[in-house]
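Chemist: start.tsv is the file, holding TSV, C-alpha atoms and all ligand atoms:
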```
chain	number	residue	atom	x	y	z
O	1467	MET	CA	22.38	13.03	48.48
O	1468	LYS	CA	24.13	12.41	45.15
O	1469	HIS	CA	23.15	13.63	41.69
O	1470	ASN	CA	22.62	10.66	39.38
O	1471	ASP	CA	20.56	10.89	36.20
O	1472	PRO	CA	20.18	14.65	35.37
O	1473	ILE	CA	16.64	14.18	33.95
O	1474	GLN	CA	15.49	12.44	37.14
O	1475	ALA	CA	17.26	15.11	39.18
O	1476	GLU	CA	15.37	17.92	37.38
O	1477	GLU	CA	12.07	16.07	37.94
O	1478	ARG	CA	12.89	15.67	41.63
O	1479	LEU	CA	13.67	19.41	41.86
O	1480	ARG	CA	10.42	20.27	40.13
O	1481	GLU	CA	8.38	18.13	42.54
O	1482	GLU	CA	10.16	19.41	45.63
O	1483	PHE	CA	9.98	23.10	44.71
O	1484	ASN	CA	6.36	22.73	43.66
O	1485	ARG	CA	5.78	21.58	47.25
O	1486	TRP	CA	7.70	24.59	48.56
O	1487	ALA	CA	5.60	26.89	46.36
O	1488	SER	CA	2.30	25.38	47.52
O	1489	ALA	CA	3.40	25.83	51.14
O	1490	GLY	CA	4.08	29.54	50.53
O	1491	ARG	CA	7.88	29.15	50.78
O	1492	GLY	CA	8.42	31.12	47.57
O	1493	GLU	CA	7.01	34.28	49.19
O	1494	GLU	CA	8.80	33.57	52.51
O	1495	MET	CA	12.12	33.48	50.69
O	1496	ALA	CA	11.55	37.08	49.60
O	1497	GLU	CA	11.92	38.01	53.27
O	1498	GLU	CA	14.79	35.59	53.98
O	1499	HIS	CA	16.86	36.73	50.98
O	1500	ALA	CA	15.89	40.43	51.07
O	1501	ALA	CA	19.08	41.66	52.78
O	1502	ILE	CA	21.56	39.84	50.52
O	1503	ALA	CA	19.53	40.77	47.43
O	1504	ALA	CA	19.61	44.44	48.50
O	1505	GLY	CA	23.39	44.16	48.99
O	1506	LEU	CA	23.76	42.72	45.49
O	1507	LEU	CA	21.51	45.26	43.75
O	1508	ALA	CA	23.31	48.12	45.53
O	1509	GLN	CA	26.59	47.18	43.88
O	1510	MET	CA	25.19	46.62	40.38
O	1511	GLU	CA	24.68	49.33	37.78
O	1512	PHE	CA	21.47	49.25	35.77
O	1513	ALA	CA	20.52	50.92	32.49
O	1514	LEU	CA	16.86	51.81	31.93
O	1515	ASP	CA	16.66	49.36	29.01
O	1516	ASP	CA	18.53	46.38	30.49
O	1517	LYS	CA	17.33	42.89	29.56
O	1518	ILE	CA	17.65	40.73	32.65
O	1519	LEU	CA	17.16	37.01	33.31
O	1520	ASP	CA	16.53	35.80	36.88
O	1521	LEU	CA	17.39	32.09	36.82
O	1522	GLY	CA	15.68	30.00	39.51
O	1523	CYS	CA	13.37	32.95	40.17
O	1524	GLY	CA	11.06	31.18	42.66
O	1525	ALA	CA	7.97	33.28	43.39
O	1526	GLY	CA	9.36	36.14	41.28
O	1527	TRP	CA	9.90	38.85	43.93
O	1528	LEU	CA	13.39	39.73	42.63
O	1529	CYS	CA	11.98	40.16	39.11
O	1530	GLY	CA	9.45	42.58	40.57
O	1531	LEU	CA	12.27	44.67	42.07
O	1532	LEU	CA	14.25	44.51	38.82
O	1533	THR	CA	11.40	45.78	36.62
O	1534	ASP	CA	11.33	48.94	38.76
O	1535	LYS	CA	15.03	49.48	37.94
O	1536	VAL	CA	14.72	48.92	34.18
O	1537	PRO	CA	11.38	50.53	33.19
O	1538	GLN	CA	12.26	50.53	29.47
O	1539	GLY	CA	13.82	47.07	29.55
O	1540	GLN	CA	12.66	43.50	29.93
O	1541	VAL	CA	12.85	41.04	32.82
O	1542	VAL	CA	12.37	37.29	32.48
O	1543	GLY	CA	12.11	34.86	35.39
O	1544	ILE	CA	12.75	31.17	34.74
O	1545	ASP	CA	12.20	28.36	37.24
O	1546	VAL	CA	12.07	24.58	37.08
O	1547	ALA	CA	8.96	24.46	39.31
O	1548	ASP	CA	5.66	25.16	37.53
O	1549	GLU	CA	3.88	26.15	40.74
O	1550	MET	CA	6.50	28.83	41.44
O	1551	VAL	CA	5.99	30.15	37.90
O	1552	ARG	CA	2.19	30.07	38.23
O	1553	ARG	CA	2.29	32.09	41.44
O	1554	ALA	CA	4.79	34.58	40.03
O	1555	ARG	CA	2.61	35.12	36.94
O	1556	GLU	CA	-0.48	35.63	39.08
O	1557	ARG	CA	1.24	38.16	41.34
O	1558	TYR	CA	2.80	40.23	38.55
O	1559	ALA	CA	0.12	39.86	35.86
O	1560	GLU	CA	-0.08	43.63	35.30
O	1561	ARG	CA	3.66	44.10	34.56
O	1562	VAL	CA	3.96	44.08	30.77
O	1563	SER	CA	7.76	44.02	30.68
O	1564	LEU	CA	7.95	41.00	33.02
O	1565	MET	CA	7.50	37.39	31.95
O	1566	PHE	CA	7.80	34.05	33.78
O	1567	ILE	CA	8.60	30.76	32.09
O	1568	ARG	CA	9.08	27.22	33.33
O	1569	GLY	CA	12.46	25.91	32.32
O	1570	GLU	CA	15.76	24.47	33.43
O	1571	ALA	CA	19.05	26.24	33.96
O	1572	GLU	CA	20.74	23.54	31.88
O	1573	ASP	CA	18.43	24.13	28.89
O	1574	ILE	CA	17.33	27.77	29.00
O	1575	PRO	CA	14.26	28.27	26.76
O	1576	TRP	CA	15.45	31.53	25.20
O	1577	ASP	CA	17.35	32.84	22.14
O	1578	GLU	CA	21.10	33.38	22.20
O	1579	ASN	CA	22.75	36.79	22.73
O	1580	PHE	CA	19.59	38.34	24.21
O	1581	PHE	CA	20.11	39.33	27.87
O	1582	ASN	CA	22.76	41.72	29.12
O	1583	LYS	CA	22.48	40.53	32.74
O	1584	VAL	CA	21.76	37.16	34.31
O	1585	ILE	CA	21.13	37.05	38.05
O	1586	SER	CA	20.46	34.03	40.24
O	1587	ILE	CA	19.85	33.97	44.00
O	1588	GLU	CA	20.05	30.81	46.12
O	1589	SER	CA	19.51	28.46	43.21
O	1590	ALA	CA	22.81	27.43	41.57
O	1591	TYR	CA	23.81	24.77	44.11
O	1592	TYR	CA	20.65	22.84	43.21
O	1593	TRP	CA	21.40	22.76	39.48
O	1594	PRO	CA	22.25	19.14	38.62
O	1595	GLU	CA	24.86	20.25	36.04
O	1596	PRO	CA	26.13	23.73	36.92
O	1597	GLY	CA	28.84	23.66	34.23
O	1598	LYS	CA	26.21	23.02	31.56
O	1599	ALA	CA	23.99	25.73	33.08
O	1600	PHE	CA	26.86	28.22	32.81
O	1601	GLN	CA	27.27	27.32	29.12
O	1602	GLU	CA	23.58	28.09	28.69
O	1603	ILE	CA	23.90	31.40	30.56
O	1604	PHE	CA	26.84	32.24	28.29
O	1605	ARG	CA	24.72	31.42	25.23
O	1606	VAL	CA	21.77	33.64	26.16
O	1607	LEU	CA	23.97	36.59	27.22
O	1608	GLN	CA	24.97	39.32	24.77
O	1609	PRO	CA	28.73	39.81	24.30
O	1610	GLY	CA	29.87	41.95	27.25
O	1611	GLY	CA	26.91	40.76	29.38
O	1612	THR	CA	27.40	39.80	33.03
O	1613	VAL	CA	26.34	36.97	35.33
O	1614	HIS	CA	25.81	37.34	39.10
O	1615	ILE	CA	25.30	34.17	41.14
O	1616	LEU	CA	24.54	34.61	44.85
O	1617	ILE	CA	24.45	31.57	47.17
O	1618	ASN	CA	24.44	30.83	50.88
O	1619	LEU	CA	25.45	27.15	50.69
O	1620	TYR	CA	29.14	26.95	49.79
O	1621	LYS	CA	32.28	25.32	51.13
O	1622	GLU	CA	33.74	28.23	53.10
O	1623	ASN	CA	30.55	28.89	55.11
O	1624	VAL	CA	30.50	25.83	57.38
O	1625	HIS	CA	27.38	27.14	59.16
O	1626	SER	CA	25.18	26.20	56.21
O	1627	HIS	CA	26.63	22.72	55.55
O	1628	GLN	CA	23.99	20.96	57.70
O	1629	TRP	CA	21.30	22.08	55.23
O	1630	ARG	CA	22.50	19.34	52.90
O	1631	GLU	CA	21.18	16.64	55.26
O	1632	LYS	CA	17.91	18.46	55.82
O	1633	LEU	CA	17.08	19.13	52.16
O	1634	ALA	CA	15.09	16.53	50.21
O	1635	VAL	CA	17.08	17.18	47.01
O	1636	ALA	CA	20.75	16.90	46.10
O	1637	THR	CA	23.05	19.93	46.31
O	1638	HIS	CA	26.60	20.84	45.29
O	1639	LEU	CA	29.05	22.08	47.93
O	1640	LEU	CA	31.71	24.07	46.09
O	1641	SER	CA	34.19	26.78	47.07
O	1642	GLY	CA	34.31	30.29	45.59
O	1643	ASP	CA	37.30	29.26	43.49
O	1644	GLU	CA	35.51	26.14	42.23
O	1645	TRP	CA	32.46	28.18	41.16
O	1646	CYS	CA	34.79	30.61	39.37
O	1647	GLY	CA	36.50	27.67	37.65
O	1648	LEU	CA	33.12	26.53	36.28
O	1649	LEU	CA	32.43	30.03	34.93
O	1650	THR	CA	35.84	30.21	33.27
O	1651	GLY	CA	35.31	26.72	31.83
O	1652	ALA	CA	32.09	27.95	30.19
O	1653	GLY	CA	33.96	30.82	28.48
O	1654	PHE	CA	33.43	33.68	30.93
O	1655	GLU	CA	36.21	36.19	31.69
O	1656	GLN	CA	36.87	38.15	34.89
O	1657	ALA	CA	35.43	35.35	37.05
O	1658	ARG	CA	35.58	36.57	40.65
O	1659	HIS	CA	34.03	35.84	43.99
O	1660	ALA	CA	33.21	38.06	46.95
O	1661	ARG	CA	30.89	38.06	49.95
O	1662	ILE	CA	27.67	39.88	50.71
O	1663	ILE	CA	26.97	40.16	54.42
O	1664	ASP	CA	23.48	39.95	55.86
O	1665	PRO	CA	23.65	42.72	58.49
O	1666	ARG	CA	20.38	41.89	60.25
O	1667	PRO	CA	20.72	41.01	63.94
O	1668	VAL	CA	19.56	37.57	65.11
O	1669	PRO	CA	17.46	37.74	68.32
O	1670	ASP	CA	18.57	35.58	71.28
O	1671	GLY	CA	16.53	32.40	71.42
O	1672	TYR	CA	15.87	32.41	67.66
O	1673	GLN	CA	14.88	28.91	66.53
O	1674	SER	CA	14.82	27.44	63.05
O	1675	LYS	CA	15.14	24.00	61.55
O	1676	TRP	CA	18.05	25.26	59.42
O	1677	PHE	CA	20.36	26.31	62.29
O	1678	GLU	CA	21.42	24.64	65.54
O	1679	SER	CA	21.18	27.89	67.51
O	1680	ALA	CA	20.78	31.66	67.24
O	1681	GLU	CA	24.55	31.91	67.62
O	1682	GLN	CA	25.12	29.66	64.60
O	1683	MET	CA	22.75	31.76	62.50
O	1684	ARG	CA	24.64	34.90	63.60
O	1685	ARG	CA	27.93	33.35	62.44
O	1686	PHE	CA	26.33	32.24	59.19
O	1687	ARG	CA	25.19	35.80	58.47
O	1688	GLN	CA	28.58	37.24	59.43
O	1689	GLU	CA	30.31	34.86	57.00
O	1690	GLY	CA	28.00	36.20	54.29
O	1691	ALA	CA	26.60	34.93	51.01
O	1692	LEU	CA	28.98	34.02	48.20
O	1693	LEU	CA	28.73	36.24	45.12
O	1694	VAL	CA	30.26	34.76	41.96
O	1695	THR	CA	30.48	37.03	38.92
O	1696	GLY	CA	31.75	36.82	35.37
O	1697	ARG	CA	31.48	38.52	32.00
O	1698	LYS	CA	30.94	37.17	28.51
O	1699	PRO	CA	33.81	38.55	26.38
O	1700	ALA	CA	32.77	41.59	24.35
O	1701	VAL	CA	34.71	40.29	21.34
O	1702	PRO	CA	34.30	36.62	20.36
O	1703	SER	CA	37.48	34.68	21.25
O	1704	TRP	CA	37.92	33.42	17.65
O	1705	ARG	CA	38.59	36.98	16.36
O	1801	LIG	C1	15.86	28.33	47.30
O	1801	LIG	S1	14.83	28.71	45.95
O	1801	LIG	C2	15.26	30.42	45.61
O	1801	LIG	C3	14.22	31.10	44.78
O	1801	LIG	C4	14.45	32.60	44.52
O	1801	LIG	N1	15.64	32.83	43.72
O	1801	LIG	C5	14.53	33.34	45.82
O	1801	LIG	O1	15.62	33.80	46.18
O	1801	LIG	O2	13.49	33.43	46.50
O	1801	LIG	C6	15.62	27.85	44.59
O	1801	LIG	C7	14.83	27.97	43.31
O	1801	LIG	O3	15.63	27.44	42.24
O	1801	LIG	C8	14.80	26.67	41.40
O	1801	LIG	N2	15.65	25.69	40.68
O	1801	LIG	C9	16.35	24.68	41.22
O	1801	LIG	N3	17.00	24.00	40.29
O	1801	LIG	C10	16.73	24.59	39.10
O	1801	LIG	C11	17.11	24.35	37.75
O	1801	LIG	N4	17.92	23.34	37.42
O	1801	LIG	N5	16.64	25.17	36.79
O	1801	LIG	C12	15.80	26.20	37.11
O	1801	LIG	N6	15.39	26.46	38.37
O	1801	LIG	C13	15.85	25.68	39.37
O	1801	LIG	C14	13.78	26.04	42.35
O	1801	LIG	O4	12.62	25.60	41.70
O	1801	LIG	C15	13.54	27.17	43.34
O	1801	LIG	O5	12.45	27.98	42.97
```
Produce structure tokens that represent the structure in this file.

Modeler:
Amino acid sequence: MKHNDPIQAEERLREEFNRWASAGRGEEMAEEHAAIAAGLLAQMEFALDDKILDLGCGAGWLCGLLTDKVPQGQVVGIDVADEMVRRARERYAERVSLMFIRGEAEDIPWDENFFNKVISIESAYYWPEPGKAFQEIFRVLQPGGTVHILINLYKENVHSHQWREKLAVATHLLSGDEWCGLLTGAGFEQARHARIIDPRPVPDGYQSKWFESAEQMRRFRQEGALLVTGRKPAVPSWR
């Protein structure tokens, strides 16, 4: 499916992910993405007062984990789907340092130079205009702040390519180098990509609509999720 008008594309995403949320998919994804999220968090360093944005936060489970790591900080989850945001707010109502907002990656409803980390799991390939979204991430990050994008659908992992036909919304299929190029184009430095392996075994006979066989899912997990990282320069480039 191709991306045409970005406004229509955002509306389509909102409708589709509202459906996912109502069907409980937001909470299911906590389980599906737990291993790669743990791999990512294990290699990040957190300060107690970090200000973190989770972009495309879904049902908010990652934000819940992050607030435990930054008890004196602030965590904000943003998602295009209002039903995801509603459920996340309901689940984490008692967490005063955690907030959920409906919004788009391409037009982040937040002040500039605020966060020192932006994290996004399994969302960036849906963004109709990822280059514009990276400019927005750059804007809301403090100088020296970092971005971590983790995705399972990317060019080098051929075992996820069939998802594109099964999904009801358009997706981008880019390589690690292409994602890094978009980050660099938005002003980030030290753009790099790496892999995070999902070490969980796949039982024989495992069936899912997303994979042709248990063996294909095994290969998909061995290939790993693509982690794309970058840093907003600590000193503005005009100095
Ligand atoms: C596959 S889900 C992943 C959700 C969550 N990060 C997780 O790992 O469970 C993708 C999420 O990205 C959100 N999303 C897609 N496009 C977006 C956009 N342009 N701006 C903000 N959120 C978006 C969807 O609404 C959905 O909740």

Chemist: Would you pick out the contacts of Ile1502 (chain O) at 9 Å or less, using only C-alpha atoms, so that residues sharing its chain but fewer than 4 positions from it are not included, and give the list as a PyMOL selection string?

Modeler: chain O and resi 1498+1506-1507+1587+1616+1662-1665+1690-1691

Chemist: Set the distance at 8 Å and use only C-alpha atoms: which residues neighbour region 1670-1678 of chain O once local chain neighbours fewer than 2 positions away are removed? I'd like the list as a PyMOL selection string.

Modeler: chain O and resi 1625-1626+1628-1629+1632+1668+1680-1683

Chemist: Can you tell me which residues sit at most 9 Å away from ligand LIG 1801 (chain O), counting only C-alpha atoms and all ligand atoms, written as a ChimeraX atom specification?

Modeler: /O:1475-1476,1479-1484,1486-1487,1491-1500,1503,1520-1528,1544-1551,1568-1574,1585-1596,1599

Chemist: Which polymer residues have any atom within 8 Å of an atom of Gln1608 (chain O), counting all atoms listed in the file, with same-chain residues fewer than 6 positions away left out, as number ranges by chain?

Modeler: O: 1578-1582, 1698

Chemist: Hey, can you check how far CA of Val1542 (chain O) sits from CA of Arg1478 (chain O)?

Modeler: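 One can read the CA of Val1542 (chain O) to CA of Arg1478 (chain O) distance as 23.5 Å.
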
Chemist: Could you check which residues have any atom within 10 Å of (25.9, 28.7, 29.9), counting only C-alpha atoms with coordinates taken straight from the file, and then list them as a list in words?

Modeler: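 Here the neighbourhood of the point contains Ala1571, Glu1572, Asp1573, Ile1574, Pro1596, Gly1597, Lys1598, Ala1599, Phe1600, Gln1601, Glu1602, Ile1603, Phe1604, Arg1605, Val1606, Leu1607, Val1613, Leu1648, Leu1649, Gly1651, Ala1652, Gly1653, Phe1654 and Lys1698 of chain O.
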
Chemist: Might you pull out every residue within 12 Å of Val1562 (chain O), with all atoms listed in the file counted and same-chain residues fewer than 6 positions away left off, and present them as a PyMOL selection string?

Modeler: chain O and resi 1530+1533-1534+1537-1542+1555

Chemist: Please identify every residue of region 1551-1649 of chain O that has at least one atom no farther than 9 Å from an atom of region 1655-1661 of chain O, counting all atoms listed in the file, and for each give the shortest atom pair and the distance in Å to one decimal, arranged by chain then increasing number, as CSV.

Modeler:
```
residue,atom,partner,partner_atom,distance
O:Leu1616,CA,O:Arg1661,CA,8.8
O:Gly1642,CA,O:His1659,CA,5.8
O:Asp1643,CA,O:His1659,CA,7.4
O:Trp1645,CA,O:His1659,CA,8.3
O:Cys1646,CA,O:Ala1657,CA,5.3
O:Gly1647,CA,O:Ala1657,CA,7.8
O:Leu1649,CA,O:Ala1657,CA,6.5
```

Chemist: I'd like the interatomic distance between CA of Tyr1620 (chain O) and CA of Glu1644 (chain O), to a tenth of an Å.

Modeler: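 Separating CA of Tyr1620 (chain O) from CA of Glu1644 (chain O) is a distance of 9.9 Å.
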
Chemist: Could you check how far CA of Thr1637 (chain O) sits from CA of Arg1666 (chain O), in Å to one decimal?

Modeler: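 Between CA of Thr1637 (chain O) and CA of Arg1666 (chain O) the gap is 26.1 Å.
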
Chemist: Taking 4 positions as the minimum chain separation for residues in the same chain, which residues sit within 12 Å of Glu1511 (chain O) when counting all atoms listed in the file? Answer as a PyMOL selection string.

Modeler: chain O and resi 1506-1507+1515-1516+1532+1535-1536+1582-1583+1612

Chemist: Which is closer to Glu1477 (chain O) than all the others in O:Ala1636, O:Gln1688, O:Thr1650, O:Asp1577, using all atoms listed in the file?

Modeler: O:Ala1636

Chemist: Which is closer to Ala1700 (chain O) than all the others in O:Gly1610, O:Val1635, O:Arg1630, O:Val1624, using all atoms listed in the file?

Modeler: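 Closest candidate: O:Gly1610.
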
Chemist: Closest to Ala1634 (chain O) among O:Glu1622, O:Asp1471, O:Glu1689, O:Arg1485, using only C-alpha atoms?

Modeler: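 Using only C-alpha atoms, Ala1634 (chain O) sits closest to O:Arg1485.
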